[in-house]
>>> print(open('final.pdb').read())   # PDB, C-alpha atoms
ATOM      1  CA  MET A 128       0.000   0.000   0.000
ATOM      2  CA  ARG A 129       0.978   3.621  -0.436
ATOM      3  CA  VAL A 130       1.224   5.035   3.093
ATOM      4  CA  LEU A 131       1.501   8.689   4.124
ATOM      5  CA  ILE A 132       3.403   8.863   7.407
ATOM      6  CA  ALA A 133       2.830  12.101   9.349
ATOM      7  CA  LEU A 134       5.395  12.433  12.126
ATOM      8  CA  GLY A 135       4.960  14.455  15.304
ATOM      9  CA  GLY A 136       7.648  16.644  16.816
ATOM     10  CA  ASN A 137       8.851  13.827  19.106
ATOM     11  CA  ALA A 138      10.158  12.044  16.006
ATOM     12  CA  ILE A 139      12.889  14.687  15.746
ATOM     13  CA  LEU A 140      13.220  16.300  19.170
ATOM     14  CA  GLN A 141      12.185  14.881  22.548
ATOM     15  CA  ARG A 142      10.901  16.947  25.470
ATOM     16  CA  GLY A 143      13.725  18.247  27.626
ATOM     17  CA  GLN A 144      16.377  17.996  24.932
ATOM     18  CA  LYS A 145      18.391  21.033  23.853
ATOM     19  CA  GLY A 146      18.070  20.353  20.151
ATOM     20  CA  THR A 147      21.679  19.629  19.291
ATOM     21  CA  ALA A 148      22.421  18.105  15.907
ATOM     22  CA  SER A 149      23.426  14.803  17.514
ATOM     23  CA  GLU A 150      20.202  14.610  19.547
ATOM     24  CA  GLN A 151      18.077  15.248  16.478
ATOM     25  CA  ARG A 152      20.040  12.779  14.351
ATOM     26  CA  ASP A 153      19.576  10.077  17.005
ATOM     27  CA  ASN A 154      15.828  10.705  17.164
ATOM     28  CA  VAL A 155      15.529  10.696  13.382
ATOM     29  CA  GLN A 156      17.381   7.368  13.266
ATOM     30  CA  LYS A 157      14.866   5.779  15.658
ATOM     31  CA  THR A 158      12.079   7.042  13.419
ATOM     32  CA  VAL A 159      13.797   5.828  10.264
ATOM     33  CA  ASP A 160      14.166   2.354  11.761
ATOM     34  CA  GLN A 161      10.347   2.210  11.781
ATOM     35  CA  ILE A 162      10.065   3.651   8.264
ATOM     36  CA  VAL A 163      12.465   1.037   6.894
ATOM     37  CA  ARG A 164      10.403  -1.679   8.625
ATOM     38  CA  MET A 165       7.446  -0.468   6.544
ATOM     39  CA  ILE A 166       9.495  -0.481   3.352
ATOM     40  CA  ARG A 167      10.729  -4.015   4.056
ATOM     41  CA  ALA A 168       7.089  -5.062   4.591
ATOM     42  CA  GLY A 169       6.359  -3.945   1.029
ATOM     43  CA  HIS A 170       4.749  -0.557   1.625
ATOM     44  CA  GLU A 171       5.405   2.551  -0.463
ATOM     45  CA  VAL A 172       6.138   5.332   2.015
ATOM     46  CA  VAL A 173       5.725   9.106   1.818
ATOM     47  CA  VAL A 174       6.940  11.043   4.865
ATOM     48  CA  THR A 175       5.899  14.395   6.267
ATOM     49  CA  HIS A 176       6.938  15.879   9.598
ATOM     50  CA  GLY A 177       6.670  18.724  12.073
ATOM     51  CA  ASN A 178       9.220  21.536  12.337
ATOM     52  CA  GLY A 179       8.129  23.588  15.359
ATOM     53  CA  PRO A 180      11.334  23.455  17.442
ATOM     54  CA  GLN A 181      13.581  23.774  14.397
ATOM     55  CA  VAL A 182      11.863  26.779  12.825
ATOM     56  CA  GLY A 183      11.620  28.303  16.306
ATOM     57  CA  ALA A 184      15.385  27.986  16.684
ATOM     58  CA  ILE A 185      15.909  29.538  13.248
ATOM     59  CA  LEU A 186      13.712  32.493  14.198
ATOM     60  CA  ILE A 187      15.707  33.006  17.417
ATOM     61  CA  GLN A 188      18.981  32.802  15.468
ATOM     62  CA  ASN A 189      17.582  35.409  13.070
ATOM     63  CA  GLU A 190      16.670  37.709  15.947
ATOM     64  CA  LEU A 191      20.030  37.372  17.676
ATOM     65  CA  GLY A 192      21.977  37.873  14.465
ATOM     66  CA  SER A 193      19.848  40.682  13.028
ATOM     67  CA  SER A 194      22.382  43.357  14.034
ATOM     68  CA  SER A 195      24.960  41.688  11.765
ATOM     69  CA  VAL A 196      22.943  40.090   8.950
ATOM     70  CA  PRO A 197      19.356  40.658   7.736
ATOM     71  CA  ALA A 198      16.685  38.503   9.384
ATOM     72  CA  MET A 199      14.657  36.323   7.006
ATOM     73  CA  PRO A 200      10.831  36.198   6.784
ATOM     74  CA  MET A 201       8.889  33.171   7.998
ATOM     75  CA  ASP A 202       8.402  31.528   4.608
ATOM     76  CA  ILE A 203      12.177  31.405   4.094
ATOM     77  CA  CYS A 204      12.729  30.178   7.662
ATOM     78  CA  GLY A 205      10.224  27.399   6.960
ATOM     79  CA  ALA A 206      12.130  26.443   3.824
ATOM     80  CA  GLU A 207      15.368  26.311   5.828
ATOM     81  CA  SER A 208      13.802  23.974   8.384
ATOM     82  CA  GLN A 209      12.454  21.681   5.652
ATOM     83  CA  GLY A 210      15.938  21.431   4.194
ATOM     84  CA  LEU A 211      17.752  20.636   7.435
ATOM     85  CA  ILE A 212      15.184  18.057   8.604
ATOM     86  CA  GLY A 213      14.874  16.538   5.143
ATOM     87  CA  TYR A 214      18.642  16.192   4.946
ATOM     88  CA  MET A 215      18.710  14.277   8.231
ATOM     89  CA  PHE A 216      15.935  11.945   7.067
ATOM     90  CA  CYS A 217      17.484  11.335   3.643
ATOM     91  CA  GLN A 218      20.903  10.623   5.144
ATOM     92  CA  SER A 219      19.442   8.223   7.711
ATOM     93  CA  ILE A 220      17.072   6.441   5.312
ATOM     94  CA  HIS A 221      19.821   5.871   2.737
ATOM     95  CA  ASN A 222      22.306   4.609   5.330
ATOM     96  CA  THR A 223      19.760   2.295   6.949
ATOM     97  CA  LEU A 224      18.625   0.831   3.615
ATOM     98  CA  CYS A 225      22.271   0.307   2.706
ATOM     99  CA  ALA A 226      23.095  -1.352   6.033
ATOM    100  CA  GLU A 227      20.124  -3.698   5.730
ATOM    101  CA  GLY A 228      20.792  -4.574   2.095
ATOM    102  CA  VAL A 229      17.525  -3.139   0.786
ATOM    103  CA  GLU A 230      17.781  -2.063  -2.847
ATOM    104  CA  GLY A 231      15.861   0.867  -4.324
ATOM    105  CA  HIS A 232      13.570   3.165  -2.332
ATOM    106  CA  GLU A 233      16.221   5.911  -2.321
ATOM    107  CA  PRO A 234      15.064   8.964  -0.323
ATOM    108  CA  ALA A 235      14.382  12.381  -1.816
ATOM    109  CA  CYS A 236      13.525  15.508   0.174
ATOM    110  CA  LEU A 237      11.406  18.113  -1.566
ATOM    111  CA  VAL A 238      11.104  21.641  -0.184
ATOM    112  CA  THR A 239       7.356  21.978  -0.575
ATOM    113  CA  ARG A 240       4.971  24.899  -0.982
ATOM    114  CA  VAL A 241       1.336  24.634   0.110
ATOM    115  CA  GLU A 242      -1.349  26.891  -1.316
ATOM    116  CA  VAL A 243      -3.560  28.848   1.074
ATOM    117  CA  ASP A 244      -6.471  31.183   0.347
ATOM    118  CA  PRO A 245      -5.643  34.899   0.847
ATOM    119  CA  ALA A 246      -9.292  35.323   1.939
ATOM    120  CA  ASP A 247      -8.954  32.657   4.676
ATOM    121  CA  PRO A 248     -10.443  34.082   7.925
ATOM    122  CA  ALA A 249      -7.236  33.071   9.751
ATOM    123  CA  PHE A 250      -5.422  36.059   8.227
ATOM    124  CA  ALA A 251      -7.722  38.392  10.162
ATOM    125  CA  ASN A 252      -7.179  36.465  13.406
ATOM    126  CA  PRO A 253      -3.543  35.422  13.980
ATOM    127  CA  THR A 254      -3.358  32.715  16.676
ATOM    128  CA  LYS A 255      -0.160  30.675  16.201
ATOM    129  CA  PRO A 256       2.729  31.701  18.530
ATOM    130  CA  VAL A 257       6.167  31.668  16.898
ATOM    131  CA  GLY A 258       9.705  32.646  17.784
ATOM    132  CA  PRO A 259      11.296  33.880  21.026
ATOM    133  CA  PHE A 260       9.691  35.369  24.146
ATOM    134  CA  TYR A 261      10.006  39.108  24.802
ATOM    135  CA  SER A 262       9.034  41.540  27.534
ATOM    136  CA  GLU A 263       5.737  43.389  27.136
ATOM    137  CA  GLU A 264       7.616  46.624  26.531
ATOM    138  CA  ALA A 265       9.734  45.143  23.741
ATOM    139  CA  ALA A 266       6.711  43.444  22.193
ATOM    140  CA  ARG A 267       4.702  46.658  22.116
ATOM    141  CA  LYS A 268       7.604  48.462  20.449
ATOM    142  CA  ARG A 269       7.711  45.738  17.782
ATOM    143  CA  MET A 270       3.967  45.998  17.202
ATOM    144  CA  ALA A 271       4.177  49.761  16.832
ATOM    145  CA  ALA A 272       7.129  49.537  14.434
ATOM    146  CA  THR A 273       6.042  46.585  12.280
ATOM    147  CA  GLY A 274       2.290  46.072  12.637
ATOM    148  CA  GLU A 275       2.893  42.520  13.889
ATOM    149  CA  THR A 276       0.544  40.907  16.417
ATOM    150  CA  TRP A 277       2.012  39.882  19.787
ATOM    151  CA  ILE A 278       0.322  38.295  22.812
ATOM    152  CA  ASP A 279       1.097  37.350  26.404
ATOM    153  CA  ASP A 280       1.779  33.609  26.086
ATOM    154  CA  ALA A 281       0.518  31.969  29.289
ATOM    155  CA  GLY A 282       2.507  34.327  31.505
ATOM    156  CA  ARG A 283       5.837  33.163  30.069
ATOM    157  CA  GLY A 284       6.430  36.348  28.118
ATOM    158  CA  TRP A 285       5.158  37.990  24.948
ATOM    159  CA  ARG A 286       5.357  36.183  21.588
ATOM    160  CA  ARG A 287       4.485  37.029  18.072
ATOM    161  CA  VAL A 288       1.410  35.280  16.646
ATOM    162  CA  VAL A 289       0.797  34.597  12.962
ATOM    163  CA  PRO A 290      -2.173  33.239  10.983
ATOM    164  CA  SER A 291      -2.745  29.497  10.597
ATOM    165  CA  PRO A 292      -4.784  29.189   7.371
ATOM    166  CA  ASP A 293      -6.307  25.974   6.054
ATOM    167  CA  PRO A 294      -4.211  24.238   3.365
ATOM    168  CA  LYS A 295      -5.786  24.064  -0.107
ATOM    169  CA  SER A 296      -3.324  22.130  -2.262
ATOM    170  CA  ILE A 297       0.263  20.904  -2.562
ATOM    171  CA  VAL A 298       2.031  23.015  -5.196
ATOM    172  CA  GLU A 299       4.684  20.347  -5.935
ATOM    173  CA  ALA A 300       2.148  17.479  -6.160
ATOM    174  CA  ASP A 301       3.123  16.528  -9.729
ATOM    175  CA  VAL A 302       6.824  16.446  -8.841
ATOM    176  CA  ILE A 303       6.177  14.291  -5.766
ATOM    177  CA  ASN A 304       4.087  11.832  -7.760
ATOM    178  CA  ALA A 305       6.753  11.627 -10.449
ATOM    179  CA  LEU A 306       9.348  10.742  -7.807
ATOM    180  CA  LEU A 307       7.054   8.102  -6.304
ATOM    181  CA  GLU A 308       6.477   6.536  -9.710
ATOM    182  CA  LYS A 309      10.270   6.217 -10.044
ATOM    183  CA  GLY A 310      10.431   4.350  -6.724
ATOM    184  CA  PHE A 311      11.795   7.094  -4.465
ATOM    185  CA  THR A 312      10.881   7.416  -0.785
ATOM    186  CA  VAL A 313       9.750  11.049  -0.622
ATOM    187  CA  VAL A 314      10.012  13.432   2.337
ATOM    188  CA  ALA A 315       7.751  16.420   1.661
ATOM    189  CA  SER A 316       5.604  19.217   3.071
ATOM    190  CA  GLY A 317       7.611  19.464   6.291
ATOM    191  CA  GLY A 318       6.095  21.610   9.021
ATOM    192  CA  GLY A 319       2.878  21.993   7.048
ATOM    193  CA  GLY A 320       4.710  23.289   3.996
ATOM    194  CA  ILE A 321       5.641  26.842   3.017
ATOM    195  CA  PRO A 322       2.379  28.836   2.830
ATOM    196  CA  VAL A 323       1.964  30.595  -0.507
ATOM    197  CA  ILE A 324      -0.865  32.437  -2.234
ATOM    198  CA  ARG A 325      -1.570  32.531  -5.956
ATOM    199  CA  LYS A 326      -1.470  36.008  -7.456
ATOM    200  CA  GLY A 327      -3.812  37.180 -10.191
ATOM    201  CA  ASN A 328      -1.144  36.659 -12.864
ATOM    202  CA  GLY A 329      -0.570  33.045 -11.808
ATOM    203  CA  THR A 330       2.615  33.635  -9.802
ATOM    204  CA  TRP A 331       3.158  32.522  -6.202
ATOM    205  CA  GLU A 332       3.969  34.660  -3.169
ATOM    206  CA  GLY A 333       5.063  33.434   0.266
ATOM    207  CA  VAL A 334       3.120  34.698   3.277
ATOM    208  CA  GLU A 335       3.825  35.082   7.006
ATOM    209  CA  ALA A 336       1.804  32.159   8.359
ATOM    210  CA  VAL A 337       2.036  28.624   9.736
ATOM    211  CA  ILE A 338      -0.004  25.730   8.335
ATOM    212  CA  ASP A 339      -0.990  22.935  10.697
ATOM    213  CA  LYS A 340       1.240  19.990   9.791
ATOM    214  CA  ASP A 341      -1.503  17.382  10.246
ATOM    215  CA  LEU A 342      -3.998  19.176   8.002
ATOM    216  CA  ALA A 343      -1.272  19.666   5.378
ATOM    217  CA  GLY A 344      -0.454  15.972   5.757
ATOM    218  CA  GLU A 345      -4.016  15.107   4.761
ATOM    219  CA  ARG A 346      -3.710  17.320   1.681
ATOM    220  CA  LEU A 347      -0.461  15.566   0.779
ATOM    221  CA  ALA A 348      -2.048  12.144   1.320
ATOM    222  CA  ALA A 349      -4.860  13.088  -1.055
ATOM    223  CA  ALA A 350      -2.415  14.499  -3.612
ATOM    224  CA  VAL A 351      -0.443  11.230  -3.808
ATOM    225  CA  ASN A 352      -3.551   8.991  -3.666
ATOM    226  CA  ALA A 353      -2.365   7.332  -0.457
ATOM    227  CA  ASP A 354      -4.247   4.259   0.714
ATOM    228  CA  LEU A 355      -3.521   5.032   4.361
ATOM    229  CA  LEU A 356      -2.862   8.157   6.398
ATOM    230  CA  VAL A 357      -0.826   7.246   9.481
ATOM    231  CA  ILE A 358      -0.366   9.991  12.065
ATOM    232  CA  LEU A 359       2.345   9.009  14.528
ATOM    233  CA  THR A 360       2.532  10.624  17.940
ATOM    234  CA  ASP A 361       3.724   9.956  21.489
ATOM    235  CA  VAL A 362       0.591   8.155  22.731
ATOM    236  CA  PRO A 363      -0.587   4.671  21.693
ATOM    237  CA  LYS A 364      -4.124   5.681  20.680
ATOM    238  CA  VAL A 365      -6.680   8.468  20.736
ATOM    239  CA  ALA A 366      -8.596   8.734  24.011
ATOM    240  CA  ILE A 367     -11.814  10.345  25.166
ATOM    241  CA  ASN A 368     -11.878  11.984  28.606
ATOM    242  CA  TYR A 369      -8.107  12.070  28.310
ATOM    243  CA  ASN A 370      -6.091  12.185  31.528
ATOM    244  CA  THR A 371      -9.176  11.768  33.739
ATOM    245  CA  PRO A 372     -10.503   8.773  35.715
ATOM    246  CA  ASP A 373     -12.949   8.187  32.844
ATOM    247  CA  GLN A 374     -10.257   8.008  30.150
ATOM    248  CA  LYS A 375     -10.979   5.443  27.434
ATOM    249  CA  TRP A 376      -8.644   4.466  24.604
ATOM    250  CA  LEU A 377     -10.296   4.168  21.186
ATOM    251  CA  ASP A 378      -9.669   1.178  18.929
ATOM    252  CA  THR A 379     -11.548   0.948  15.606
ATOM    253  CA  LEU A 380     -14.315   3.446  14.878
ATOM    254  CA  THR A 381     -16.331   4.339  11.822
ATOM    255  CA  LEU A 382     -16.167   7.799  10.330
ATOM    256  CA  SER A 383     -19.585   8.743  11.744
ATOM    257  CA  GLU A 384     -18.693   7.452  15.232
ATOM    258  CA  MET A 385     -15.526   9.535  15.320
ATOM    259  CA  GLU A 386     -17.330  12.588  13.944
ATOM    260  CA  GLU A 387     -19.856  12.320  16.774
ATOM    261  CA  LEU A 388     -17.089  12.248  19.386
ATOM    262  CA  GLU A 389     -15.458  15.255  17.742
ATOM    263  CA  LYS A 390     -18.740  17.191  17.896
ATOM    264  CA  LYS A 391     -18.920  16.476  21.627
ATOM    265  CA  GLY A 392     -15.603  18.290  22.107
ATOM    266  CA  HIS A 393     -13.413  15.350  23.144
ATOM    267  CA  PHE A 394     -10.413  16.422  21.057
ATOM    268  CA  LYS A 395      -8.779  19.713  21.999
ATOM    269  CA  ALA A 396      -7.420  22.171  19.438
ATOM    270  CA  GLY A 397      -3.984  22.297  21.072
ATOM    271  CA  SER A 398      -3.408  18.544  21.165
ATOM    272  CA  MET A 399      -5.361  15.751  19.460
ATOM    273  CA  GLY A 400      -7.888  17.975  17.661
ATOM    274  CA  PRO A 401      -5.932  18.665  14.427
ATOM    275  CA  LYS A 402      -4.862  15.003  14.187
ATOM    276  CA  VAL A 403      -8.443  13.753  14.458
ATOM    277  CA  ASN A 404      -9.655  16.447  12.052
ATOM    278  CA  SER A 405      -6.994  15.434   9.530
ATOM    279  CA  ALA A 406      -7.865  11.734   9.871
ATOM    280  CA  LEU A 407     -11.573  12.444   9.411
ATOM    281  CA  ARG A 408     -10.928  14.574   6.317
ATOM    282  CA  PHE A 409      -8.843  11.802   4.781
ATOM    283  CA  VAL A 410     -11.511   9.108   5.189
ATOM    284  CA  ARG A 411     -14.331  11.516   4.332
ATOM    285  CA  ASN A 412     -12.590  12.413   1.062
ATOM    286  CA  GLY A 413     -12.160   8.802  -0.052
ATOM    287  CA  GLY A 414      -9.149   7.495   1.871
ATOM    288  CA  GLN A 415      -9.221   3.821   2.751
ATOM    289  CA  ARG A 416      -8.265   4.156   6.436
ATOM    290  CA  ALA A 417      -6.715   6.684   8.808
ATOM    291  CA  ILE A 418      -4.636   5.686  11.825
ATOM    292  CA  ILE A 419      -3.382   7.554  14.876
ATOM    293  CA  ALA A 420      -0.759   5.559  16.760
ATOM    294  CA  SER A 421       2.601   5.688  18.512
ATOM    295  CA  LEU A 422       5.811   5.715  16.512
ATOM    296  CA  GLU A 423       7.039   2.475  18.084
ATOM    297  CA  GLU A 424       3.893   0.611  16.945
ATOM    298  CA  ALA A 425       3.682   2.053  13.424
ATOM    299  CA  LEU A 426       3.931  -1.156  11.401
ATOM    300  CA  GLU A 427       1.572  -3.003  13.730
ATOM    301  CA  ALA A 428      -0.875  -0.104  13.369
ATOM    302  CA  ILE A 429      -0.707  -0.362   9.578
ATOM    303  CA  ASP A 430      -1.566  -4.042   9.973
ATOM    304  CA  GLY A 431      -4.622  -3.030  12.021
ATOM    305  CA  LYS A 432      -3.329  -4.424  15.314
ATOM    306  CA  LYS A 433      -2.462  -1.197  17.168
ATOM    307  CA  GLY A 434      -3.500   2.441  17.361
ATOM    308  CA  THR A 435      -6.837   4.073  16.705
ATOM    309  CA  GLN A 436      -8.246   3.025  13.335
ATOM    310  CA  ILE A 437     -10.818   5.218  11.541
ATOM    311  CA  VAL A 438     -12.654   3.446   8.734
ATOM    312  CA  LYS A 439     -15.515   4.243   6.392
ATOM    313  CA  ASN A 440     -19.089   3.718   7.597
TER
END
>>> encode(input="final.pdb", output="structure tokens")
Amino acid sequence: MRVLIALGGNAILQRGQKGTASEQRDNVQKTVDQIVRMIRAGHEVVVTHGNGPQVGAILIQNELGSSSVPAMPMDICGAESQGLIGYMFCQSIHNTLCAEGVEGHEPACLVTRVEVDPADPAFANPTKPVGPFYSEEAARKRMAATGETWIDDAGRGWRRVVPSPDPKSIVEADVINALLEKGFTVVASGGGGIPVIRKGNGTWEGVEAVIDKDLAGERLAAAVNADLLVILTDVPKVAINYNTPDQKWLDTLTLSEMEELEKKGHFKAGSMGPKVNSALRFVRNGGQRAIIASLEEALEAIDGKKGTQIVKN
């Protein structure tokens, strides 16, 4: 089967780690071990991933170095993060395939643009915190000078917030499909992709925004006609009444059953909500099956033995 693997941030950087290159390489290797298991089982794999800590670090580096070199806008910072993470995945996938004697399936990382609608309501209501923390005084000076939006982030300091528009399409879809047809293992649309809008003359323009990586993963899955969307995270399954005495792990549910639970507000916007929304969109739009599972149980989840499975009615 053609499987779209959407990786959470823990696949690259664990909680409490500093984010050194060696830490991230080690985490990527553990993830790649699971990806190569899928390839050896006969699956065609497309990989997408988060980039929150990495693009955050790039934004901080831009801020600290801005007195010496010009800071880059968010779309370029997103492209940088796609390149550095994609490089780590390609290096690790190639080396692991080589070590295990698996021929073909060579990795290719594609810096990917994702189309958003300039009329998306998100542009009028920025909500996604990005970059370093500042004092209220410094934040208000930035707002006055640049027109940016900054908020008090849970008492930890002030942070800039940017829009998080809904993804419409994968700009490089044809290129990705061409690579897949040639047998490559493609890493694409990292961090939700670089948000771009189409101008009236048909050209593209990058915008200051962040696309949810799980929703962009669903768009990528649809673009490559994936049989399965597999969202890997740091919990074994989706739960209702999470972290309460009434917590219940979910096994296999139909689309309508999961939609009903979503309507009841079981899945919060800051945690499982986007993952469930992405999974529901995939099945609703014709996907065979969507899975939310832990990284360590990925292959077993594909086989239907682990994770939360969302199937058609």
>>> atom_distance(input="final.pdb", atom1="atom CA of Asn328 of chain A", atom2="atom CA of Met199 of chain A")
25.4 Å
>>> closest_residue(input="final.pdb", among="A:Ala138, A:Asn368, A:Ala425, A:Pro248", to="Ala168 of chain A", atoms="only C-alpha atoms")
A:Ala425
>>> resolve_selection(input="final.pdb", expression="the PyMOL selection byres ((chain A and resi 299) around 10)", output="number ranges by chain")
A: 237-241, 296-298, 300-304, 315-316, 347, 350
>>> write_last_selection(input="final.pdb", atoms="C-alpha atoms", output="short mmCIF file (atom, residue, chain, number, x, y, z; two decimals), in the coordinates of the input")
data_model
loop_
_atom_site.label_atom_id
_atom_site.label_comp_id
_atom_site.auth_asym_id
_atom_site.auth_seq_id
_atom_site.Cartn_x
_atom_site.Cartn_y
_atom_site.Cartn_z
CA LEU A 237 11.41 18.11 -1.57
CA VAL A 238 11.10 21.64 -0.18
CA THR A 239 7.36 21.98 -0.57
CA ARG A 240 4.97 24.90 -0.98
CA VAL A 241 1.34 24.63 0.11
CA SER A 296 -3.32 22.13 -2.26
CA ILE A 297 0.26 20.90 -2.56
CA VAL A 298 2.03 23.02 -5.20
CA ALA A 300 2.15 17.48 -6.16
CA ASP A 301 3.12 16.53 -9.73
CA VAL A 302 6.82 16.45 -8.84
CA ILE A 303 6.18 14.29 -5.77
CA ASN A 304 4.09 11.83 -7.76
CA ALA A 315 7.75 16.42 1.66
CA SER A 316 5.60 19.22 3.07
CA LEU A 347 -0.46 15.57 0.78
CA ALA A 350 -2.42 14.50 -3.61
#
>>> resolve_selection(input="final.pdb", expression="the PyMOL selection byres ((chain A and resi 409) around 12)", output="JSON, numbers by chain")
{"A": [131, 341, 342, 343, 344, 345, 346, 347, 348, 349, 350, 352, 353, 354, 355, 356, 357, 358, 382, 402, 403, 404, 405, 406, 407, 408, 410, 411, 412, 413, 414, 415, 416, 417, 418, 437, 438, 439]}
>>> residues_near_point(input="final.pdb", point="(8.9, 20.3, 11.2)", cutoff="7 Å", atoms="all atoms listed in the file", output="number ranges by chain")
A: 136, 176-179, 181, 208-209, 317-318
>>> residues_around(input="final.pdb", residues="Cys217 of chain A", least_positions_apart="2", cutoff="9 Å", atoms="only C-alpha atoms", output="list of chain:residue names")
A:Ile212, A:Gly213, A:Tyr214, A:Met215, A:Ser219, A:Ile220, A:His221, A:Asn222, A:Glu233, A:Pro234, A:Ala235, A:Cys236, A:Thr312, A:Val313, A:Val314
>>> decode(input="final.pdb", residues="segment 324-354 of chain A", atoms="C-alpha atoms", output="mmCIF file, in the first residue's frame")
data_model
loop_
_atom_site.group_PDB
_atom_site.id
_atom_site.type_symbol
_atom_site.label_atom_id
_atom_site.label_comp_id
_atom_site.auth_asym_id
_atom_site.auth_seq_id
_atom_site.Cartn_x
_atom_site.Cartn_y
_atom_site.Cartn_z
ATOM 1 C CA ILE A 324 -0.865 32.437 -2.234
ATOM 2 C CA ARG A 325 -1.570 32.531 -5.956
ATOM 3 C CA LYS A 326 -1.470 36.008 -7.456
ATOM 4 C CA GLY A 327 -3.812 37.180 -10.191
ATOM 5 C CA ASN A 328 -1.144 36.659 -12.864
ATOM 6 C CA GLY A 329 -0.570 33.045 -11.808
ATOM 7 C CA THR A 330 2.615 33.635 -9.802
ATOM 8 C CA TRP A 331 3.158 32.522 -6.202
ATOM 9 C CA GLU A 332 3.969 34.660 -3.169
ATOM 10 C CA GLY A 333 5.063 33.434 0.266
ATOM 11 C CA VAL A 334 3.120 34.698 3.277
ATOM 12 C CA GLU A 335 3.825 35.082 7.006
ATOM 13 C CA ALA A 336 1.804 32.159 8.359
ATOM 14 C CA VAL A 337 2.036 28.624 9.736
ATOM 15 C CA ILE A 338 -0.004 25.730 8.335
ATOM 16 C CA ASP A 339 -0.990 22.935 10.697
ATOM 17 C CA LYS A 340 1.240 19.990 9.791
ATOM 18 C CA ASP A 341 -1.503 17.382 10.246
ATOM 19 C CA LEU A 342 -3.998 19.176 8.002
ATOM 20 C CA ALA A 343 -1.272 19.666 5.378
ATOM 21 C CA GLY A 344 -0.454 15.972 5.757
ATOM 22 C CA GLU A 345 -4.016 15.107 4.761
ATOM 23 C CA ARG A 346 -3.710 17.320 1.681
ATOM 24 C CA LEU A 347 -0.461 15.566 0.779
ATOM 25 C CA ALA A 348 -2.048 12.144 1.320
ATOM 26 C CA ALA A 349 -4.860 13.088 -1.055
ATOM 27 C CA ALA A 350 -2.415 14.499 -3.612
ATOM 28 C CA VAL A 351 -0.443 11.230 -3.808
ATOM 29 C CA ASN A 352 -3.551 8.991 -3.666
ATOM 30 C CA ALA A 353 -2.365 7.332 -0.457
ATOM 31 C CA ASP A 354 -4.247 4.259 0.714
#
